[in-house]
$ cat work_13.txt   # compact mmCIF, C-alpha atoms
# COMPACT_ATOMS: atom_id res chain seq x y z
CA MET W 1 69.05 112.63 113.48
CA HIS W 2 68.24 114.72 110.46
CA ASP W 3 66.83 113.92 107.05
CA LEU W 4 69.78 114.16 104.65
CA SER W 5 67.56 115.12 101.72
CA PHE W 6 66.10 118.00 103.76
CA PHE W 7 69.57 119.27 104.58
CA ARG W 8 70.64 119.11 100.93
CA GLY W 9 67.58 121.01 99.79
CA HIS W 10 67.46 123.57 102.64
CA LEU W 11 71.07 123.86 103.74
CA ASP W 12 71.10 127.63 104.29
CA VAL W 13 67.81 127.51 106.22
CA ALA W 14 69.07 124.66 108.41
CA ALA W 15 72.34 126.49 109.04
CA GLU W 16 70.50 129.65 110.09
CA ARG W 17 68.25 127.79 112.52
CA LEU W 18 71.22 125.94 113.98
CA ARG W 19 73.03 129.25 114.39
CA THR W 20 70.33 130.30 116.87
CA ARG W 21 71.45 127.32 118.97
CA GLY W 22 75.06 128.47 118.85
CA VAL W 23 76.00 125.81 116.30
CA GLU W 24 77.93 126.77 113.17
CA LEU W 25 77.48 124.33 110.31
CA ASP W 26 80.50 124.05 107.99
CA LEU W 27 78.58 124.80 104.81
CA ALA W 28 81.60 124.66 102.50
CA SER W 29 82.62 121.19 103.67
CA PHE W 30 79.03 119.96 103.55
CA ARG W 31 78.56 121.21 100.01
CA GLN W 32 81.89 119.79 98.87
CA LEU W 33 81.02 116.39 100.31
CA ASP W 34 77.57 116.52 98.75
CA SER W 35 79.02 117.57 95.37
CA GLU W 36 81.49 114.70 95.44
CA ARG W 37 78.72 112.25 96.28
CA ARG W 38 76.44 113.53 93.54
CA SER W 39 79.31 113.40 91.04
CA ALA W 40 80.12 109.80 91.94
CA ILE W 41 76.47 108.76 91.63
CA THR W 42 76.08 110.56 88.28
CA GLU W 43 79.23 108.96 86.87
CA SER W 44 78.14 105.53 88.10
CA GLU W 45 74.71 105.90 86.50
CA THR W 46 76.25 107.09 83.22
CA LEU W 47 78.64 104.15 83.20
CA LYS W 48 75.78 101.77 83.90
CA ALA W 49 73.88 103.01 80.85
CA GLU W 50 77.02 102.78 78.69
CA ARG W 51 77.83 99.32 79.99
CA ASN W 52 74.32 98.09 79.23
CA SER W 53 74.62 99.46 75.70
CA LEU W 54 78.02 97.82 75.18
CA SER W 55 76.75 94.54 76.63
CA GLN W 56 73.99 94.54 74.03
CA GLU W 57 76.57 95.25 71.33
CA VAL W 58 78.70 92.35 72.57
CA GLY W 59 75.68 90.08 72.27
CA LYS W 60 74.98 91.20 68.70
CA ARG W 61 78.61 90.73 67.59
CA LYS W 62 78.84 87.31 69.18
CA LYS W 63 75.79 86.23 67.21
CA ALA W 64 77.47 87.56 64.08
CA GLY W 65 80.63 85.58 64.90
CA GLU W 66 82.75 88.68 65.41
CA ASP W 67 85.57 89.15 67.90
CA THR W 68 84.26 90.83 71.11
CA GLU W 69 87.31 90.61 73.37
CA ALA W 70 88.08 94.34 73.24
CA LEU W 71 84.47 95.26 73.96
CA GLN W 72 84.26 92.76 76.83
CA ALA W 73 87.44 94.20 78.33
CA GLN W 74 85.87 97.65 78.13
CA VAL W 75 82.72 96.36 79.86
CA ARG W 76 84.84 94.84 82.64
CA GLN W 77 86.69 98.12 83.11
CA MET W 78 83.38 99.92 83.40
CA ALA W 79 82.14 97.39 85.96
CA ASP W 80 85.32 97.83 88.01
CA ARG W 81 84.94 101.60 87.90
CA MET W 82 81.29 101.36 88.92
CA THR W 83 82.21 99.15 91.88
CA ALA W 84 84.84 101.68 92.96
CA LEU W 85 82.32 104.52 92.64
CA ASP W 86 79.69 102.61 94.63
CA GLU W 87 82.23 102.01 97.39
CA ARG W 88 83.11 105.69 97.35
CA VAL W 89 79.45 106.62 97.71
CA LYS W 90 79.19 104.29 100.72
CA VAL W 91 82.17 106.02 102.31
CA LEU W 92 80.67 109.45 101.61
CA ASP W 93 77.29 108.35 103.00
CA ALA W 94 79.03 107.18 106.18
CA GLN W 95 80.74 110.57 106.45
CA PHE W 96 77.37 112.29 105.99
CA GLN W 97 75.83 110.15 108.71
CA GLU W 98 78.74 110.93 111.03
CA ILE W 99 78.11 114.63 110.46
CA LEU W 100 74.34 114.39 110.83
CA VAL W 101 74.33 112.41 114.10
CA ALA W 102 76.43 115.15 115.71
CA ILE W 103 74.09 117.98 114.67
CA PRO W 104 71.41 118.93 117.25
CA ASN W 105 67.75 119.15 116.34
CA LEU W 106 66.43 122.24 114.61
CA PRO W 107 64.42 124.48 116.97
CA HIS W 108 60.72 124.91 116.28
CA GLU W 109 59.75 128.35 114.98
CA SER W 110 57.92 129.13 118.25
CA VAL W 111 61.06 128.68 120.39
CA PRO W 112 62.41 132.01 121.69
CA VAL W 113 65.85 132.85 120.32
CA GLY W 114 68.53 133.25 122.95
CA ARG W 115 72.02 132.21 123.97
CA SER W 116 71.55 130.97 127.54
CA ALA W 117 69.09 130.25 130.34
CA ASP W 118 69.00 133.98 131.07
CA GLU W 119 66.89 134.38 127.92
CA ASN W 120 64.32 131.69 128.70
CA VAL W 121 60.76 133.00 128.73
CA GLU W 122 58.32 132.53 131.60
CA VAL W 123 55.04 131.12 130.28
CA ARG W 124 53.05 130.97 133.52
CA ARG W 125 53.43 130.91 137.27
CA GLU W 126 51.08 129.18 139.70
CA GLY W 127 50.79 128.90 143.46
CA THR W 128 51.91 131.14 146.26
CA ALA W 129 54.84 130.44 148.53
CA ALA W 130 53.77 129.76 152.11
CA ALA W 131 54.32 132.62 154.53
CA MET W 132 57.04 131.67 157.03
CA ASP W 133 57.76 133.76 160.13
CA PHE W 134 61.07 131.95 160.53
CA LYS W 135 64.13 131.43 158.36
CA PRO W 136 63.42 128.32 156.25
CA LYS W 137 66.07 125.60 156.32
CA PRO W 138 67.47 123.89 153.24
CA HIS W 139 66.53 120.24 152.83
CA TRP W 140 69.95 118.90 153.80
CA ASP W 141 69.61 120.47 157.25
CA LEU W 142 65.98 119.40 157.60
CA GLY W 143 66.81 115.87 156.54
CA ALA W 144 69.67 115.60 159.02
CA ASP W 145 67.62 117.09 161.88
CA LEU W 146 64.76 114.65 161.25
CA GLY W 147 67.05 111.68 160.72
CA ILE W 148 65.52 110.98 157.30
CA LEU W 149 68.46 111.82 155.00
CA ASP W 150 72.04 110.65 155.45
CA PHE W 151 74.86 111.80 153.16
CA ASP W 152 77.80 110.67 155.28
CA ARG W 153 76.84 107.01 155.23
CA ALA W 154 76.05 107.22 151.52
CA ALA W 155 79.54 108.58 150.92
CA LYS W 156 80.96 105.70 152.95
CA ILE W 157 78.99 103.15 150.94
CA THR W 158 79.63 104.66 147.52
CA GLY W 159 80.98 108.18 147.32
CA ALA W 160 79.99 111.79 146.77
CA ARG W 161 76.63 112.70 145.22
CA PHE W 162 74.74 109.79 146.70
CA ALA W 163 72.20 109.77 149.53
CA VAL W 164 70.58 107.30 151.90
CA TYR W 165 66.92 107.96 152.65
CA MET W 166 66.16 106.74 156.16
CA GLY W 167 62.85 105.79 157.75
CA LEU W 168 60.23 108.37 156.89
CA GLY W 169 62.49 109.85 154.24
CA ALA W 170 62.38 106.57 152.34
CA LYS W 171 58.64 106.28 152.90
CA LEU W 172 58.06 109.81 151.58
CA GLU W 173 60.06 109.00 148.44
CA ARG W 174 57.99 105.85 147.89
CA ALA W 175 54.76 107.75 148.54
CA LEU W 176 55.67 110.32 145.89
CA ILE W 177 56.43 107.61 143.32
CA ASN W 178 53.10 105.89 143.91
CA PHE W 179 51.21 109.19 143.93
CA MET W 180 52.72 110.22 140.60
CA LEU W 181 52.09 106.86 138.92
CA ASP W 182 48.53 106.69 140.25
CA THR W 183 47.76 110.22 139.05
CA HIS W 184 49.19 109.73 135.57
CA THR W 185 47.51 106.36 135.01
CA SER W 186 44.10 106.99 136.60
CA GLU W 187 43.62 110.67 135.73
CA HIS W 188 45.86 111.43 132.75
CA GLY W 189 45.44 108.23 130.76
CA TYR W 190 49.02 106.92 130.65
CA THR W 191 49.90 103.23 130.58
CA GLU W 192 52.39 102.26 133.26
CA VAL W 193 55.59 100.52 132.17
CA LEU W 194 58.34 98.99 134.30
CA PRO W 195 61.28 98.75 131.87
CA PRO W 196 64.84 97.42 132.31
CA PHE W 197 67.17 99.75 134.15
CA MET W 198 69.95 99.02 131.67
CA ALA W 199 69.92 99.71 127.92
CA ASN W 200 72.15 98.78 125.01
CA SER W 201 74.00 101.22 122.78
CA ALA W 202 71.39 100.99 119.99
CA SER W 203 68.75 102.25 122.42
CA LEU W 204 70.93 105.12 123.61
CA PHE W 205 71.74 106.05 120.02
CA GLY W 206 68.03 106.09 119.25
CA THR W 207 67.23 108.69 121.90
CA GLY W 208 70.35 110.75 121.20
CA GLN W 209 72.60 110.08 124.20
CA LEU W 210 75.13 108.25 122.04
CA PRO W 211 77.59 108.93 120.62
CA LYS W 212 77.78 112.59 121.66
CA PHE W 213 77.12 112.25 125.41
CA ALA W 214 78.91 109.01 126.26
CA GLU W 215 80.80 110.68 129.10
CA ASP W 216 77.52 111.37 130.90
CA LEU W 217 76.71 107.65 131.09
CA PHE W 218 77.74 104.76 133.32
CA LYS W 219 78.76 101.81 131.14
CA ILE W 220 78.79 98.22 132.42
CA GLU W 221 82.29 96.86 131.89
CA LYS W 222 82.72 94.17 129.21
CA THR W 223 79.12 94.52 127.99
CA ASP W 224 77.10 96.67 125.60
CA TYR W 225 74.89 97.72 128.52
CA TYR W 226 74.62 101.13 130.15
CA LEU W 227 72.75 102.18 133.28
CA ILE W 228 69.87 104.29 132.02
CA PRO W 229 70.08 108.07 132.54
CA THR W 230 66.28 108.30 132.32
CA ALA W 231 63.29 106.07 131.53
CA GLU W 232 63.01 108.03 128.27
CA VAL W 233 65.61 105.63 126.83
CA PRO W 234 63.96 102.23 127.38
CA VAL W 235 60.38 103.47 126.96
CA THR W 236 61.04 105.31 123.68
CA ASN W 237 62.86 102.24 122.40
CA LEU W 238 59.85 100.03 123.05
CA TYR W 239 58.97 100.68 119.41
CA ARG W 240 62.41 100.88 117.83
CA ASP W 241 62.35 99.41 114.31
CA GLU W 242 58.54 99.22 114.40
CA THR W 243 55.64 100.89 112.59
CA LEU W 244 52.73 102.16 114.68
CA ASP W 245 49.12 102.55 113.67
CA ALA W 246 48.85 106.31 113.15
CA ASP W 247 45.11 106.24 113.80
CA ALA W 248 45.76 104.82 117.30
CA LEU W 249 48.11 107.63 118.31
CA PRO W 250 48.96 109.26 120.60
CA ALA W 251 50.33 106.40 122.68
CA LYS W 252 51.08 107.52 126.26
CA PHE W 253 53.33 105.77 128.78
CA CYS W 254 54.64 106.51 132.24
CA ALA W 255 57.44 104.70 134.01
CA TYR W 256 59.18 104.80 137.36
CA THR W 257 62.92 104.05 137.26
CA PRO W 258 66.08 104.96 139.06
CA CYS W 259 68.31 107.10 136.85
CA PHE W 260 72.11 107.12 136.71
CA ARG W 261 74.21 110.03 135.48
CA SER W 262 77.89 110.78 135.78
CA GLU W 263 77.10 114.54 135.77
CA ALA W 264 80.18 115.14 133.63
CA GLY W 265 80.82 118.84 133.27
CA SER W 266 78.59 119.80 136.20
CA TYR W 267 81.19 119.79 138.94
CA GLY W 268 80.63 122.57 141.43
CA ARG W 269 76.90 122.82 140.64
CA ASP W 270 74.40 121.91 143.37
CA VAL W 271 77.03 119.99 145.33
CA ARG W 272 74.99 120.04 148.53
CA GLY W 273 71.85 118.03 149.06
CA ILE W 274 70.03 115.86 146.55
CA ILE W 275 69.42 118.32 143.71
CA ARG W 276 72.14 116.81 141.50
CA GLN W 277 72.96 113.17 142.26
CA HIS W 278 74.60 110.29 140.40
CA GLN W 279 71.54 108.15 141.23
CA PHE W 280 68.01 109.44 141.62
CA GLN W 281 64.42 108.33 141.07
CA LYS W 282 62.10 109.70 138.44
CA VAL W 283 58.67 109.11 136.96
CA GLU W 284 58.87 109.70 133.21
CA LEU W 285 56.14 110.50 130.70
CA VAL W 286 56.65 109.38 127.08
CA LYS W 287 54.39 109.92 124.08
CA PHE W 288 54.35 108.73 120.47
CA ALA W 289 52.34 111.05 118.24
CA ARG W 290 51.51 111.82 114.65
CA PRO W 291 53.43 114.82 113.29
CA ASP W 292 50.24 116.87 113.00
CA GLN W 293 49.33 116.39 116.67
CA SER W 294 52.67 116.48 118.48
CA TYR W 295 52.61 120.14 119.56
CA ASP W 296 49.15 119.80 121.04
CA GLU W 297 50.42 116.73 122.86
CA LEU W 298 53.40 118.70 124.19
CA GLU W 299 51.05 121.19 125.82
CA LYS W 300 49.02 118.35 127.34
CA LEU W 301 52.11 116.52 128.58
CA THR W 302 53.42 119.69 130.21
CA HIS W 303 50.03 120.24 131.89
CA ASP W 304 50.08 116.66 133.20
CA ALA W 305 53.51 117.18 134.76
CA GLU W 306 52.44 120.51 136.26
CA ASN W 307 49.35 118.88 137.71
CA ILE W 308 51.46 116.87 140.15
CA LEU W 309 52.70 120.16 141.62
CA ARG W 310 49.17 121.58 141.68
CA LYS W 311 47.93 118.60 143.64
CA LEU W 312 50.81 118.90 146.07
CA GLY W 313 50.20 122.63 146.53
CA LEU W 314 53.73 123.55 145.45
CA PRO W 315 54.45 126.92 143.79
CA PHE W 316 56.00 126.63 140.34
CA ARG W 317 56.70 128.44 137.11
CA THR W 318 56.91 127.10 133.57
CA MET W 319 59.63 128.38 131.26
CA ALA W 320 59.94 128.11 127.47
CA LEU W 321 63.60 127.35 126.88
CA CYS W 322 65.37 129.54 124.37
CA THR W 323 67.28 128.09 121.42
CA GLY W 324 70.62 128.24 123.21
CA ASP W 325 69.44 126.36 126.30
CA MET W 326 67.61 123.39 124.77
CA GLY W 327 68.81 119.81 124.91
CA PHE W 328 70.53 118.21 121.91
CA SER W 329 67.52 116.23 120.63
CA SER W 330 64.75 118.71 121.40
CA ALA W 331 62.80 120.87 118.95
CA LYS W 332 60.95 122.64 121.79
CA THR W 333 61.17 122.34 125.58
CA TYR W 334 59.30 123.65 128.59
CA ASP W 335 61.10 123.53 131.93
CA ILE W 336 58.89 123.38 135.02
CA GLU W 337 60.64 124.94 138.02
CA VAL W 338 59.46 124.49 141.60
CA TRP W 339 59.99 127.06 144.37
CA LEU W 340 62.40 125.93 147.10
CA PRO W 341 62.26 128.33 150.09
CA GLY W 342 65.25 126.73 151.81
CA LEU W 343 67.39 127.54 148.79
CA GLY W 344 65.50 130.74 147.99
CA GLU W 345 65.14 129.99 144.28
CA PHE W 346 63.25 128.08 141.62
CA LYS W 347 64.76 124.76 140.53
CA GLU W 348 63.96 122.67 137.48
CA ILE W 349 61.81 119.67 138.36
CA SER W 350 60.76 118.62 134.85
CA SER W 351 61.73 119.19 131.22
CA CYS W 352 58.94 118.50 128.74
CA SER W 353 60.10 118.21 125.15
CA ASN W 354 58.92 117.52 121.64
CA PHE W 355 61.66 115.88 119.60
CA GLU W 356 59.57 115.78 116.43
CA ALA W 357 61.05 113.05 114.16
CA PHE W 358 64.62 113.47 115.47
CA GLN W 359 64.61 110.41 117.73
CA ALA W 360 62.21 108.40 115.58
CA ARG W 361 64.54 108.69 112.58
CA ARG W 362 67.49 107.45 114.67
CA ALA W 363 65.40 104.62 116.14
CA SER W 364 63.38 103.89 112.98
CA ILE W 365 59.96 104.42 114.57
CA ARG W 366 57.32 105.05 111.94
CA CYS W 367 53.57 105.50 111.93
CA LYS W 368 51.27 104.51 109.11
CA SER W 369 47.73 105.36 108.10
CA GLY W 370 46.51 103.66 104.94
CA LYS W 371 49.39 103.82 102.47
CA LYS W 372 51.01 106.86 104.10
CA SER W 373 54.04 106.01 106.23
CA GLU W 374 56.15 108.61 108.02
CA PHE W 375 58.36 108.95 111.06
CA ALA W 376 56.42 109.36 114.29
CA HIS W 377 57.05 112.24 116.66
CA THR W 378 58.31 111.42 120.16
CA LEU W 379 57.83 113.47 123.32
CA ASN W 380 58.78 113.07 126.93
CA GLY W 381 58.98 114.85 130.25
CA SER W 382 59.56 114.14 133.91
CA GLY W 383 56.35 113.61 135.74
CA LEU W 384 58.24 114.35 138.06
CA ALA W 385 61.83 114.03 139.28
CA VAL W 386 61.05 112.33 142.57
CA GLY W 387 64.05 113.49 144.60
CA ARG W 388 63.50 117.13 143.71
CA THR W 389 59.81 116.78 144.55
CA TRP W 390 60.87 115.31 147.91
CA VAL W 391 63.02 118.42 148.42
CA ALA W 392 60.12 120.71 147.46
CA VAL W 393 57.72 119.02 149.89
CA VAL W 394 60.19 119.08 152.78
CA GLU W 395 61.22 122.71 152.25
CA ASN W 396 57.77 124.16 151.47
CA TYR W 397 55.91 122.33 154.24
CA GLN W 398 58.46 122.82 157.03
CA GLN W 399 57.20 124.33 160.27
CA ALA W 400 58.80 126.57 162.87
CA ASP W 401 59.08 123.63 165.31
CA GLY W 402 61.07 121.59 162.79
CA SER W 403 58.21 119.33 161.76
CA ILE W 404 56.91 118.86 158.21
CA VAL W 405 53.23 118.92 157.32
CA VAL W 406 52.33 116.16 154.89
CA PRO W 407 50.52 117.52 151.79
CA GLU W 408 46.92 116.39 151.72
CA ALA W 409 47.42 114.46 148.47
CA LEU W 410 50.07 112.27 150.14
CA ARG W 411 48.33 111.54 153.44
CA VAL W 412 46.63 108.41 152.18
CA TYR W 413 50.06 107.07 151.20
CA LEU W 414 51.81 108.01 154.45
CA ASN W 415 48.77 107.50 156.71
CA ALA W 416 49.71 110.64 158.63
CA GLU W 417 49.37 114.41 158.54
CA ARG W 418 52.77 115.43 159.85
CA ILE W 419 56.37 114.26 160.19
CA SER W 420 57.40 115.25 163.69
CA ALA W 421 60.62 116.94 164.65
CA THR W 422 61.81 113.63 166.03
CA GLY W 423 61.24 111.94 162.67
CA ARG W 424 58.11 110.05 163.75
CA LEU W 425 54.78 110.06 161.98
CA ILE W 426 51.96 111.54 164.06

$ encode --input "work_13.txt" --output "structure tokens"
Amino acid sequence: MHDLSFFRGHLDVAAERLRTRGVELDLASFRQLDSERRSAITESETLKAERNSLSQEVGKRKKAGEDTEALQAQVRQMADRMTALDERVKVLDAQFQEILVAIPNLPHESVPVGRSADENVEVRREGTAAAMDFKPKPHWDLGADLGILDFDRAAKITGARFAVYMGLGAKLERALINFMLDTHTSEHGYTEVLPPFMANSASLFGTGQLPKFAEDLFKIEKTDYYLIPTAEVPVTNLYRDETLDADALPAKFCAYTPCFRSEAGSYGRDVRGIIRQHQFQKVELVKFARPDQSYDELEKLTHDAENILRKLGLPFRTMALCTGDMGFSSAKTYDIEVWLPGLGEFKEISSCSNFEAFQARRASIRCKSGKKSEFAHTLNGSGLAVGRTWVAVVENYQQADGSIVVPEALRVYLNAERISATGRLI
């Protein structure tokens, strides 16, 4: 959410920056609303001064034994008018808040301007795709051939866009989760958190999913609980309505959770396989930082997420998202995309974002050093999406005989070097 005073003082600047995101701010309506609010406040303050003066006059005349009924009636009229004006200001403030919560974050000045993903900018590319003297299979065929991924039974149990990981498929998923958590805690300095997998509406408002993206969520009937779309929600809200010690920041957390998304508006996209599911696993990285350090921390967070791919020997590229492709709450985002030979393209495996004070203002998360108190900056990124990493391992390490070589970093977790064509560990 935005600072109302900033918008009032820099309305044209804010409108221009929002325009780069494809958002047109109704300046005339905003100014009219602001003018009406200012007018009501000014009139109320003027009446207050006049009422105080008349009240003093009433006191003087009473002491002199004079009739004060007319003056007292005038004071009461002023008080009634002031009450009406105060109520009007409350209504106008509510209208302002309704407008502000629907406005996306302002892009940082370093974000490339563009309308769509076609104008994202490649920052770096690492790793080389393995040479294959055979046509690589997509993961849905590999999974079926090895007996480690079952979509038909998942559809029977639940419906479309769900999967059952079988045998070594389930073990590979679990190995990836443990590998990611171990790397981030032991090498990157994050504190592991296991949060609730449901969150209330206040938490989802704080991180920006509500009210704008309610259709993307699964709500628990007759409760105020939602299945979380990402661990970003519960972990960021650890400090909702709290003030952090600015000198102790950054605070760094990682969390494994399942994630639940309705994928509203994405029908027809990635319908095969496990790229886009209603339920998937993810390891999330979340940071709380001082405003003066948050962009350095974004670079570090992105490097930490990339490092999982480096350790797994998976080719990837990192893209700076343009203004028109960023998420609602983000001020700057890097997408990390992994190469999938079975699909013949790069696919997003992590989005690493700095939200600046956007979420902290909604969730009332402040940081304080001495007497200085300000909203903290929040950051997060996938470290990584586990299912998509599973896909990347299976597709990049497939062999001509149908087997899959286990990346060296995972062998201690799987206690094997290869998944055989018959689905057995060797």

$ closest_atom_pairs --input "work_13.txt" --of "range 235-346 of chain W" --to "range 157-166 of chain W" --cutoff "12 Å" --atoms "only C-alpha atoms" --output "JSON lines"
{"residue": "W:Phe260", "atom": "CA", "partner": "W:Phe162", "partner_atom": "CA", "distance": 10.7}
{"residue": "W:Arg261", "atom": "CA", "partner": "W:Arg161", "partner_atom": "CA", "distance": 10.4}
{"residue": "W:Ser262", "atom": "CA", "partner": "W:Arg161", "partner_atom": "CA", "distance": 9.7}
{"residue": "W:Glu263", "atom": "CA", "partner": "W:Arg161", "partner_atom": "CA", "distance": 9.6}
{"residue": "W:Ser266", "atom": "CA", "partner": "W:Arg161", "partner_atom": "CA", "distance": 11.6}
{"residue": "W:Tyr267", "atom": "CA", "partner": "W:Arg161", "partner_atom": "CA", "distance": 10.5}
{"residue": "W:Gly268", "atom": "CA", "partner": "W:Arg161", "partner_atom": "CA", "distance": 11.3}
{"residue": "W:Arg269", "atom": "CA", "partner": "W:Arg161", "partner_atom": "CA", "distance": 11.1}
{"residue": "W:Asp270", "atom": "CA", "partner": "W:Arg161", "partner_atom": "CA", "distance": 9.7}
{"residue": "W:Val271", "atom": "CA", "partner": "W:Arg161", "partner_atom": "CA", "distance": 7.3}
{"residue": "W:Arg272", "atom": "CA", "partner": "W:Arg161", "partner_atom": "CA", "distance": 8.2}
{"residue": "W:Gly273", "atom": "CA", "partner": "W:Arg161", "partner_atom": "CA", "distance": 8.1}
{"residue": "W:Ile274", "atom": "CA", "partner": "W:Ala163", "partner_atom": "CA", "distance": 7.1}
{"residue": "W:Ile275", "atom": "CA", "partner": "W:Arg161", "partner_atom": "CA", "distance": 9.3}
{"residue": "W:Arg276", "atom": "CA", "partner": "W:Arg161", "partner_atom": "CA", "distance": 7.1}
{"residue": "W:Gln277", "atom": "CA", "partner": "W:Arg161", "partner_atom": "CA", "distance": 4.7}
{"residue": "W:His278", "atom": "CA", "partner": "W:Arg161", "partner_atom": "CA", "distance": 5.8}
{"residue": "W:Gln279", "atom": "CA", "partner": "W:Phe162", "partner_atom": "CA", "distance": 6.5}
{"residue": "W:Phe280", "atom": "CA", "partner": "W:Phe162", "partner_atom": "CA", "distance": 8.4}
{"residue": "W:Gln281", "atom": "CA", "partner": "W:Ala163", "partner_atom": "CA", "distance": 11.6}

$ write_last_selection --input "work_13.txt" --atoms "C-alpha atoms" --output "compact mmCIF listing (two decimals), in the coordinates of the input"
# COMPACT_ATOMS: atom_id res chain seq x y z
CA PHE W 260 72.11 107.12 136.71
CA ARG W 261 74.21 110.03 135.48
CA SER W 262 77.89 110.78 135.78
CA GLU W 263 77.10 114.54 135.77
CA SER W 266 78.59 119.80 136.20
CA TYR W 267 81.19 119.79 138.94
CA GLY W 268 80.63 122.57 141.43
CA ARG W 269 76.90 122.82 140.64
CA ASP W 270 74.40 121.91 143.37
CA VAL W 271 77.03 119.99 145.33
CA ARG W 272 74.99 120.04 148.53
CA GLY W 273 71.85 118.03 149.06
CA ILE W 274 70.03 115.86 146.55
CA ILE W 275 69.42 118.32 143.71
CA ARG W 276 72.14 116.81 141.50
CA GLN W 277 72.96 113.17 142.26
CA HIS W 278 74.60 110.29 140.40
CA GLN W 279 71.54 108.15 141.23
CA PHE W 280 68.01 109.44 141.62
CA GLN W 281 64.42 108.33 141.07

$ closest_atom_pairs --input "work_13.txt" --of "range 319-406 of chain W" --to "range 248-257 of chain W" --cutoff "10 Å" --atoms "all atoms listed in the file" --output "CSV"
residue,atom,partner,partner_atom,distance
W:Cys367,CA,W:Leu249,CA,8.7
W:Lys368,CA,W:Ala248,CA,9.9
W:Ser369,CA,W:Ala248,CA,9.4
W:Ala376,CA,W:Leu249,CA,9.4
W:His377,CA,W:Pro250,CA,9.5
W:Thr378,CA,W:Pro250,CA,9.6
W:Leu379,CA,W:Lys252,CA,9.5
W:Asn380,CA,W:Phe253,CA,9.3
W:Gly381,CA,W:Cys254,CA,9.6
W:Ser382,CA,W:Cys254,CA,9.2
W:Gly383,CA,W:Cys254,CA,8.1
W:Leu384,CA,W:Tyr256,CA,9.6
W:Ala385,CA,W:Tyr256,CA,9.8
W:Val386,CA,W:Tyr256,CA,9.3

$ atom_distance --input "work_13.txt" --atom1 "CA of Cys259 in chain W" --atom2 "CA of Phe179 in chain W"
18.6 Å

$ atom_distance --input "work_13.txt" --atom1 "CA of Ile148 in chain W" --atom2 "CA of Ile308 in chain W"
22.9 Å

$ atom_distance --input "work_13.txt" --atom1 "CA of Ala214 in chain W" --atom2 "CA of Arg21 in chain W"
21.1 Å

$ residues_around --input "work_13.txt" --residues "Val393 in chain W" --least-positions-apart "4" --cutoff "12 Å" --atoms "all atoms listed in the file" --output "compact mmCIF listing (two decimals) with C-alpha atoms, keeping the file's coordinate frame"
# COMPACT_ATOMS: atom_id res chain seq x y z
CA ALA W 129 54.84 130.44 148.53
CA ALA W 130 53.77 129.76 152.11
CA PRO W 138 67.47 123.89 153.24
CA HIS W 139 66.53 120.24 152.83
CA LEU W 142 65.98 119.40 157.60
CA GLY W 143 66.81 115.87 156.54
CA GLY W 169 62.49 109.85 154.24
CA LEU W 172 58.06 109.81 151.58
CA GLU W 173 60.06 109.00 148.44
CA ALA W 175 54.76 107.75 148.54
CA LEU W 176 55.67 110.32 145.89
CA ILE W 308 51.46 116.87 140.15
CA LEU W 309 52.70 120.16 141.62
CA LYS W 311 47.93 118.60 143.64
CA LEU W 312 50.81 118.90 146.07
CA GLY W 313 50.20 122.63 146.53
CA LEU W 314 53.73 123.55 145.45
CA PRO W 315 54.45 126.92 143.79
CA VAL W 338 59.46 124.49 141.60
CA TRP W 339 59.99 127.06 144.37
CA LEU W 340 62.40 125.93 147.10
CA PRO W 341 62.26 128.33 150.09
CA GLY W 342 65.25 126.73 151.81
CA VAL W 386 61.05 112.33 142.57
CA GLY W 387 64.05 113.49 144.60
CA ARG W 388 63.50 117.13 143.71
CA THR W 389 59.81 116.78 144.55
CA TYR W 397 55.91 122.33 154.24
CA GLN W 398 58.46 122.82 157.03
CA GLN W 399 57.20 124.33 160.27
CA SER W 403 58.21 119.33 161.76
CA ILE W 404 56.91 118.86 158.21
CA VAL W 405 53.23 118.92 157.32
CA VAL W 406 52.33 116.16 154.89
CA PRO W 407 50.52 117.52 151.79
CA GLU W 408 46.92 116.39 151.72
CA ALA W 409 47.42 114.46 148.47
CA LEU W 410 50.07 112.27 150.14
CA ARG W 418 52.77 115.43 159.85
CA ILE W 419 56.37 114.26 160.19

$ residues_around --input "work_13.txt" --residues "Thr83 in chain W" --least-positions-apart "6" --cutoff "10 Å" --atoms "all atoms listed in the file" --output "list in words"
Ser44, Gln77 and Val89 of chain W

$ closest_atom_pairs --input "work_13.txt" --of "range 169-229 of chain W" --to "range 93-101 of chain W" --cutoff "12 Å" --atoms "only C-alpha atoms" --output "JSON lines"
{"residue": "W:Phe205", "atom": "CA", "partner": "W:Val101", "partner_atom": "CA", "distance": 9.1}
{"residue": "W:Gly206", "atom": "CA", "partner": "W:Val101", "partner_atom": "CA", "distance": 10.3}
{"residue": "W:Thr207", "atom": "CA", "partner": "W:Val101", "partner_atom": "CA", "distance": 11.2}
{"residue": "W:Gly208", "atom": "CA", "partner": "W:Val101", "partner_atom": "CA", "distance": 8.3}
{"residue": "W:Gln209", "atom": "CA", "partner": "W:Val101", "partner_atom": "CA", "distance": 10.5}
{"residue": "W:Leu210", "atom": "CA", "partner": "W:Val101", "partner_atom": "CA", "distance": 9.0}
{"residue": "W:Pro211", "atom": "CA", "partner": "W:Val101", "partner_atom": "CA", "distance": 8.1}
{"residue": "W:Lys212", "atom": "CA", "partner": "W:Val101", "partner_atom": "CA", "distance": 8.3}
{"residue": "W:Phe213", "atom": "CA", "partner": "W:Val101", "partner_atom": "CA", "distance": 11.7}

$ closest_residue --input "work_13.txt" --among "W:Arg411, W:Lys332, W:Pro136, W:Phe375" --to "Val111 in chain W" --atoms "only C-alpha atoms"
W:Lys332

$ closest_residue --input "work_13.txt" --among "W:Phe316, W:Lys371, W:Thr333, W:Ala73" --to "Glu345 in chain W" --atoms "all atoms listed in the file"
W:Phe316
